[in-house]
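Note: the block below is work13.csv and it holds CSV, C-alpha atoms.
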```csv
chain,number,residue,atom,x,y,z
A,80,MET,CA,-7.9,8.5,37.2
A,81,ILE,CA,-4.2,9.4,37.1
A,82,VAL,CA,-3.8,8.2,40.7
A,83,ILE,CA,-5.6,4.9,39.9
A,84,SER,CA,-3.5,4.4,36.8
A,85,VAL,CA,-0.3,4.9,38.8
A,86,LEU,CA,-1.5,2.4,41.4
A,87,ALA,CA,-2.3,-0.1,38.6
A,88,LEU,CA,1.1,0.3,37.2
A,89,ALA,CA,2.8,-0.1,40.6
A,90,PHE,CA,0.9,-3.3,41.4
A,91,TYR,CA,1.7,-4.7,38.0
A,92,LEU,CA,5.4,-4.0,38.7
A,93,LEU,CA,5.0,-5.7,42.1
A,94,ALA,CA,3.3,-8.7,40.4
A,95,ILE,CA,6.2,-9.0,37.9
A,96,ILE,CA,8.7,-9.0,40.8
A,97,ALA,CA,6.6,-11.6,42.7
A,98,SER,CA,6.2,-13.8,39.6
A,99,LEU,CA,10.0,-13.7,38.9
A,100,HIS,CA,10.7,-14.6,42.6
A,101,LEU,CA,8.3,-17.5,42.2
A,102,LEU,CA,10.0,-18.7,39.1
A,103,LEU,CA,13.6,-18.4,40.5
A,104,SER,CA,12.9,-19.8,44.0
A,105,ALA,CA,13.7,-23.4,44.8
A,106,LYS,CA,10.1,-24.0,46.0
A,107,PRO,CA,7.0,-22.4,44.4
A,108,THR,CA,6.1,-20.3,47.4
A,109,GLY,CA,4.6,-16.8,47.7
A,110,GLN,CA,1.7,-17.4,45.4
A,111,HIS,CA,-0.7,-15.5,47.7
A,112,LYS,CA,1.5,-12.4,47.4
A,113,LEU,CA,1.5,-12.6,43.6
A,114,PHE,CA,-2.3,-13.0,43.4
A,115,ALA,CA,-2.9,-10.2,45.9
A,116,CYS,CA,-0.8,-7.8,43.8
A,117,VAL,CA,-2.4,-8.9,40.5
A,118,ALA,CA,-5.9,-8.6,42.0
A,119,PHE,CA,-5.3,-4.9,42.9
A,120,ALA,CA,-3.6,-4.3,39.5
A,121,LEU,CA,-6.5,-5.8,37.5
A,122,ILE,CA,-9.1,-3.9,39.5
A,123,ALA,CA,-7.3,-0.6,39.1
A,124,HIS,CA,-6.7,-1.4,35.4
A,125,ALA,CA,-10.4,-2.1,34.8
A,126,ILE,CA,-11.4,1.2,36.5
A,127,THR,CA,-8.9,3.2,34.5
A,128,LEU,CA,-9.9,1.6,31.2
A,129,GLY,CA,-13.6,2.0,32.0
A,130,ALA,CA,-13.1,5.7,32.6
A,131,GLU,CA,-11.1,6.0,29.3
A,132,VAL,CA,-13.7,4.3,27.2
A,133,THR,CA,-16.7,6.2,28.7
A,134,GLN,CA,-15.0,9.6,29.1
A,135,THR,CA,-17.3,11.1,26.5
A,136,ASN,CA,-21.1,11.5,26.4
A,137,SER,CA,-21.2,11.1,22.7
A,138,GLY,CA,-20.3,7.4,22.6
A,139,GLN,CA,-17.5,5.0,23.6
A,140,ASN,CA,-13.8,5.7,22.9
A,141,LEU,CA,-12.6,2.5,21.4
A,142,SER,CA,-9.2,3.8,20.2
A,143,MET,CA,-6.5,1.4,19.3
A,144,LEU,CA,-4.6,1.8,22.6
A,145,ASN,CA,-7.8,1.4,24.6
A,146,VAL,CA,-8.7,-1.8,22.7
A,147,ALA,CA,-5.2,-3.1,23.1
A,148,SER,CA,-5.3,-2.3,26.8
A,149,LEU,CA,-8.6,-4.2,27.1
A,150,VAL,CA,-7.1,-7.2,25.4
A,151,SER,CA,-4.1,-7.1,27.8
A,152,LEU,CA,-6.6,-6.9,30.7
A,153,ILE,CA,-8.5,-10.0,29.4
A,154,ILE,CA,-5.2,-11.9,28.9
A,155,SER,CA,-3.8,-11.0,32.3
A,156,THR,CA,-7.1,-12.0,34.0
A,157,PHE,CA,-7.2,-15.3,32.1
A,158,MET,CA,-3.6,-16.2,32.7
A,159,THR,CA,-3.8,-15.3,36.4
A,160,CYS,CA,-6.9,-17.6,36.9
A,161,ALA,CA,-5.4,-20.4,34.8
A,162,ALA,CA,-1.7,-20.2,35.9
A,163,ARG,CA,-2.0,-23.3,38.2
A,164,ARG,CA,-4.1,-25.4,35.8
A,165,PHE,CA,-2.1,-24.5,32.7
A,166,ASN,CA,1.2,-24.4,34.5
A,167,GLY,CA,1.9,-21.1,32.9
A,168,TRP,CA,3.9,-19.3,35.6
A,169,ILE,CA,6.8,-18.5,33.3
A,170,LEU,CA,4.4,-16.5,31.1
A,171,LEU,CA,3.1,-14.2,33.8
A,172,PRO,CA,6.0,-11.7,33.9
A,173,VAL,CA,5.6,-11.2,30.1
A,174,VAL,CA,1.8,-10.9,30.4
A,175,TYR,CA,1.9,-8.4,33.2
A,176,GLY,CA,4.7,-6.5,31.5
A,177,PHE,CA,2.6,-6.0,28.4
A,178,SER,CA,-0.4,-4.9,30.5
A,179,ALA,CA,1.7,-2.3,32.3
A,180,LEU,CA,3.2,-1.0,29.0
A,181,LEU,CA,-0.2,-0.7,27.3
A,182,LEU,CA,-1.8,0.9,30.4
A,183,THR,CA,1.0,3.5,30.4
A,184,ALA,CA,0.7,4.1,26.6
A,185,SER,CA,-3.0,4.5,26.8
A,186,ALA,CA,-2.6,7.1,29.6
A,187,LEU,CA,0.2,9.1,27.9
A,188,ILE,CA,-0.9,9.0,24.3
A,189,PRO,CA,-4.5,10.3,24.1
A,190,SER,CA,-6.5,9.1,21.0
A,191,ARG,CA,-10.1,8.9,20.1
A,192,TYR,CA,-12.2,6.5,18.0
A,193,ILE,CA,-15.8,7.1,19.0
A,194,THR,CA,-18.4,4.4,18.5
A,195,HIS,CA,-22.0,4.1,19.6
A,196,LEU,CA,-22.5,0.6,20.9
A,197,GLU,CA,-25.7,1.5,22.7
A,198,ALA,CA,-27.4,2.1,19.4
A,199,HIS,CA,-26.0,-1.1,17.8
A,200,PRO,CA,-26.1,-4.0,20.2
A,201,GLN,CA,-25.2,-6.4,17.4
A,202,LEU,CA,-22.0,-4.5,17.0
A,203,LEU,CA,-21.2,-5.1,20.7
A,204,LEU,CA,-21.7,-8.8,20.2
A,205,HIS,CA,-19.4,-8.9,17.2
A,206,ILE,CA,-16.7,-6.8,18.9
A,207,GLY,CA,-16.9,-8.9,22.1
A,208,LEU,CA,-16.5,-12.2,20.2
A,209,ALA,CA,-13.6,-10.7,18.2
A,210,LEU,CA,-11.8,-9.5,21.3
A,211,MET,CA,-12.3,-12.8,23.1
A,212,ALA,CA,-11.0,-14.7,20.0
A,213,TYR,CA,-8.0,-12.5,19.7
A,214,SER,CA,-7.2,-12.7,23.4
A,215,VAL,CA,-7.3,-16.5,23.4
A,216,LEU,CA,-5.3,-16.8,20.2
A,217,MET,CA,-2.7,-14.4,21.6
A,218,ILE,CA,-2.4,-16.6,24.7
A,219,ALA,CA,-1.9,-19.5,22.3
A,220,CYS,CA,0.9,-17.5,20.7
A,221,LEU,CA,2.6,-17.1,24.1
A,222,PHE,CA,2.3,-20.9,24.6
A,223,ALA,CA,3.8,-21.4,21.1
A,224,LEU,CA,6.8,-19.3,22.1
A,225,GLN,CA,7.1,-21.2,25.3
A,226,LEU,CA,7.0,-24.5,23.4
A,227,ALA,CA,9.7,-23.2,21.0
A,228,CYS,CA,11.9,-22.4,24.0
A,229,LEU,CA,11.4,-25.8,25.6
A,230,ASP,CA,11.9,-27.6,22.3
A,231,ARG,CA,15.2,-25.8,21.7
A,232,GLN,CA,16.4,-26.5,25.2
A,233,LEU,CA,15.5,-30.2,24.8
A,234,LYS,CA,17.3,-30.5,21.5
A,235,SER,CA,20.4,-28.7,22.9
A,236,ARG,CA,20.2,-30.8,26.1
A,237,LYS,CA,20.1,-27.7,28.2
A,238,LEU,CA,16.9,-28.2,30.1
A,239,SER,CA,15.9,-25.3,32.4
A,240,GLN,CA,16.3,-25.8,36.1
A,241,LEU,CA,13.4,-23.5,36.9
A,242,PRO,CA,11.0,-25.3,39.2
A,243,ALA,CA,8.0,-23.7,37.5
A,244,MET,CA,9.0,-24.8,34.0
A,245,PRO,CA,6.2,-27.1,32.6
A,246,PRO,CA,6.8,-30.3,30.6
A,247,LEU,CA,6.9,-29.9,26.9
A,248,MET,CA,4.0,-32.3,26.3
A,249,THR,CA,1.8,-30.3,28.7
A,250,VAL,CA,2.5,-27.0,26.9
A,251,GLU,CA,1.8,-28.6,23.5
A,252,LYS,CA,-1.5,-30.0,24.8
A,253,ARG,CA,-2.6,-26.6,26.2
A,254,LEU,CA,-1.5,-24.9,22.9
A,255,PHE,CA,-3.9,-27.0,20.9
A,256,GLN,CA,-6.7,-26.5,23.4
A,257,LEU,CA,-6.3,-22.8,23.2
A,258,ILE,CA,-6.1,-22.8,19.4
A,259,SER,CA,-9.2,-24.9,19.2
A,260,ALA,CA,-11.1,-22.5,21.5
A,261,GLY,CA,-9.8,-19.4,19.8
A,262,LEU,CA,-10.7,-20.8,16.3
A,263,PHE,CA,-14.2,-21.5,17.6
A,264,LEU,CA,-14.6,-17.9,18.9
A,265,LEU,CA,-13.0,-16.5,15.7
A,266,THR,CA,-15.6,-18.5,13.7
A,267,LEU,CA,-18.4,-17.0,15.7
A,268,SER,CA,-16.8,-13.5,15.3
A,269,ILE,CA,-16.6,-13.8,11.5
A,270,ALA,CA,-20.1,-15.3,11.3
A,271,SER,CA,-21.6,-12.5,13.4
A,272,GLY,CA,-19.8,-9.9,11.2
A,273,LEU,CA,-21.2,-11.5,8.0
A,274,PHE,CA,-24.7,-11.6,9.5
A,275,PHE,CA,-24.9,-8.2,11.3
A,276,LEU,CA,-22.4,-5.9,9.4
A,277,GLU,CA,-23.6,-4.8,6.0
A,278,ASP,CA,-20.4,-2.9,5.3
A,279,MET,CA,-18.0,-5.7,6.3
A,280,PHE,CA,-16.5,-5.8,2.9
A,281,ALA,CA,-16.9,-2.1,2.1
A,282,GLN,CA,-14.0,-0.1,0.8
A,283,GLY,CA,-11.6,0.7,3.6
A,284,LYS,CA,-12.8,-2.1,5.8
A,285,SER,CA,-12.5,-5.2,3.6
A,286,HIS,CA,-8.9,-5.8,4.5
A,287,LYS,CA,-10.0,-6.6,8.1
A,288,ALA,CA,-12.5,-9.3,7.0
A,289,VAL,CA,-10.0,-10.7,4.4
A,290,LEU,CA,-7.1,-10.9,6.9
A,291,SER,CA,-9.4,-12.4,9.6
A,292,ILE,CA,-10.6,-15.1,7.2
A,293,LEU,CA,-7.0,-15.7,6.2
A,294,ALA,CA,-6.0,-16.1,9.8
A,295,TRP,CA,-8.9,-18.5,10.3
A,296,CYS,CA,-7.7,-20.6,7.4
A,297,VAL,CA,-4.2,-20.7,8.9
A,298,TYR,CA,-5.5,-21.9,12.3
A,299,ALA,CA,-7.9,-24.4,10.7
A,300,PHE,CA,-5.0,-25.7,8.5
A,301,LEU,CA,-2.9,-26.1,11.6
A,302,LEU,CA,-5.5,-28.1,13.5
A,303,TRP,CA,-6.2,-30.2,10.4
A,304,GLY,CA,-2.6,-31.1,10.0
A,305,HIS,CA,-2.2,-31.9,13.7
A,306,HIS,CA,-5.2,-34.2,13.8
A,307,THR,CA,-4.8,-35.9,10.4
A,308,ARG,CA,-1.0,-35.8,9.8
A,309,GLY,CA,0.3,-35.6,13.4
A,310,TRP,CA,2.0,-32.3,12.9
A,311,ARG,CA,4.0,-31.2,16.0
A,312,GLY,CA,7.0,-29.1,16.9
A,313,ARG,CA,8.3,-26.3,14.6
A,314,ARG,CA,5.6,-26.5,12.0
A,315,VAL,CA,2.9,-26.0,14.6
A,316,ILE,CA,4.8,-23.2,16.2
A,317,SER,CA,5.4,-21.4,12.9
A,318,LEU,CA,1.8,-21.6,11.8
A,319,SER,CA,0.6,-20.4,15.2
A,320,LEU,CA,2.9,-17.4,15.0
A,321,ILE,CA,1.9,-16.7,11.4
A,322,GLY,CA,-1.8,-16.8,12.3
A,323,SER,CA,-1.4,-14.5,15.3
A,324,ALA,CA,0.6,-12.0,13.1
A,325,ILE,CA,-2.1,-12.0,10.4
A,326,LEU,CA,-4.8,-11.6,13.0
A,327,THR,CA,-3.0,-8.7,14.7
A,328,LEU,CA,-2.5,-7.0,11.3
A,329,ALA,CA,-6.3,-7.5,10.7
A,330,TYR,CA,-7.3,-6.0,14.0
A,331,PHE,CA,-4.7,-3.2,14.5
A,332,GLY,CA,-3.0,-2.6,11.2
A,333,SER,CA,-5.1,0.2,9.7
A,334,ARG,CA,-5.9,1.6,13.1
A,335,PHE,CA,-2.2,1.9,13.9
A,336,VAL,CA,-1.6,3.8,10.7
A,337,LYS,CA,-4.6,6.2,11.2
A,338,GLU,CA,-4.3,6.8,14.9
A,339,VAL,CA,-0.5,6.7,15.5
A,340,LEU,CA,1.4,7.3,12.3
A,341,LEU,CA,-0.9,9.8,10.7
A,342,ASN,CA,-2.1,11.6,13.8
```
Translate the structure described by the file into structure tokens.
Amino acid sequence: MIVISVLALAFYLLAIIASLHLLLSAKPTGQHKLFACVAFALIAHAITLGAEVTQTNSGQNLSMLNVASLVSLIISTFMTCAARRFNGWILLPVVYGFSALLLTASALIPSRYITHLEAHPQLLLHIGLALMAYSVLMIACLFALQLACLDRQLKSRKLSQLPAMPPLMTVEKRLFQLISAGLFLLTLSIASGLFFLEDMFAQGKSHKAVLSILAWCVYAFLLWGHHTRGWRGRRVISLSLIGSAILTLAYFGSRFVKEVLLN
């Protein structure tokens, strides 16, 4: 697994170089090299992560770093498949960089959080929906940052000359599409938790549910303001970043304290 991890890291680094070359070149050429490197990186990442999660016979190791690595794998896969349609080339170096960083951290910092998904299939459904919702909303966060950069350049009249830089209106449209999809998945995740998890609001776990619901309210408020009041620009960007911060705190806050700071 160490060899495969090193290969995944190497291909991620090659993908970062290829994506930067694609951004800086006068013509968007060399996409096949980028996709080849990413394909090998994603396959090696998935194999490594699968081994990390199933390394024990007593359950699945869903430690914070393993879960974060899984989220980065989902985001990298989605962004690679949607780069052309979403015109998100400029985000690829950031996405692949985070995947490489989390893959390295997961390999170098061993941690354990054993669960038994085979005995609780409803928990698998809840976790799956939660991870998909978080991944989509984190991609929306990246688009919000990209929108903020474009908005700032437009107002300062210093438009980027990068050929792969998308129009501001396109980024804004994709941002709302992603937030809508993420909010739908988050709704299903919260509903599945309320339906299947009896201890969702138990002591020591209630903060996750409360923060997740608070994040849901922020995203719902954002979409309501956009559709009824025509909110755009900085207000949308700020609310999107606030929602992603609250959701990250809900998913990883207590786990970070228990598994990293106190371990």
Notebook entry, point to check: From the set A:Ala87, A:Cys228, A:Ala209, A:Ala329, which residue has the shortest atom-to-atom contact distance to A:Lys284, counting all atoms listed in the file?
Noted result: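 Looking at the shortest contact to A:Lys284, the residue is A:Ala329.
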Notebook entry, point to check: How many Å separate atom CA of A:Ser214 from atom CA of A:Ile153?
Noted result: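 Interatomic distance, atom CA of A:Ser214 to atom CA of A:Ile153: 6.7 Å.
All residues of protein, DNA or RNA that reach within 10 Å of A:Ile95, judged by all atoms listed in the file and not counting those fewer than 2 positions away in the chain, are Ala89, Phe90, Tyr91, Leu92, Leu93, Ala97, Ser98, Leu99, His100, Leu101, Leu113, Cys116, Val117, Leu171, Pro172, Val173, Val174, Tyr175, Gly176 and Ala179 of chain A.
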Note to self: Under the rule that only C-alpha atoms are counted, which of A:Gly138, A:Ser271, A:Met158, A:Lys252 is the nearest residue to A:Ile206?
What the structure shows: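 Of all the options, A:Ser271 lies closest to A:Ile206.
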Check: Pick from A:Ala123, A:Leu320, A:Ile292, A:Ala94: nearest to A:Ile269, with all atoms listed in the file counted?
Finding: A:Ile292
Check: Which residue gives the smallest distance to A:Ile122 among A:Trp310, A:Leu88, A:Ala147, A:Leu103, with all atoms listed in the file counted?
Finding: A:Leu88
Note to self: Measuring between all atoms listed in the file, which one of A:Leu180, A:Ile96, A:Ala260, A:Leu318 shows the shortest distance to A:Leu216?
What the structure shows: A:Ala260
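The nearest approach to A:Arg314 among the residues A:Ala227, A:Leu257, A:Leu262, A:Leu144, with all atoms listed in the file taken into account, belongs to A:Ala227.
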Check: If you count all atoms listed in the file, which residues fall within 6 Å of stretch 148-152 of chain A, apart from same-chain ones fewer than 3 positions away, as a list in words?
Finding: Leu144, Asn145, Ser155, Ser178, Leu181, Leu182 and Ser214 of chain A
Note to self: At a cut-off of 12 Å, using only C-alpha atoms, what residues contact A:Gln256? Leave out same-chain residues fewer than 3 positions from it and give the result as a list in words.
What the structure shows: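 The residues satisfying every condition are Phe165, Val215, Leu216, Ile218, Ala219, Phe222, Ala223, Thr249, Val250, Glu251, Lys252, Arg253, Ser259, Ala260, Gly261, Leu262, Phe263, Leu302 and His305 of chain A.
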Margin query: as a PyMOL selection string, please: the residues near A:Pro189 (cut-off 10 Å, only C-alpha atoms, same-chain neighbours under 4 positions excluded).
Written below: chain A and resi 131+142+144-145+184-185+338
Margin query: Residues near A:His124, anyone? I mean within 7 Å using all atoms listed in the file, not counting same-chain ones fewer than 4 positions away, as an MDAnalysis selection string.
Written below: chainID A and resid 84 87 120 128
Check: Rounded to one decimal in Å, what is the spacing between atom CA of A:Phe119 and atom CA of A:Val82?
Finding: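 Interatomic distance here is 13.4 Å.
Counting from atom CA of A:Cys296, the distance to atom CA of A:Ala270 is 14.0 Å.
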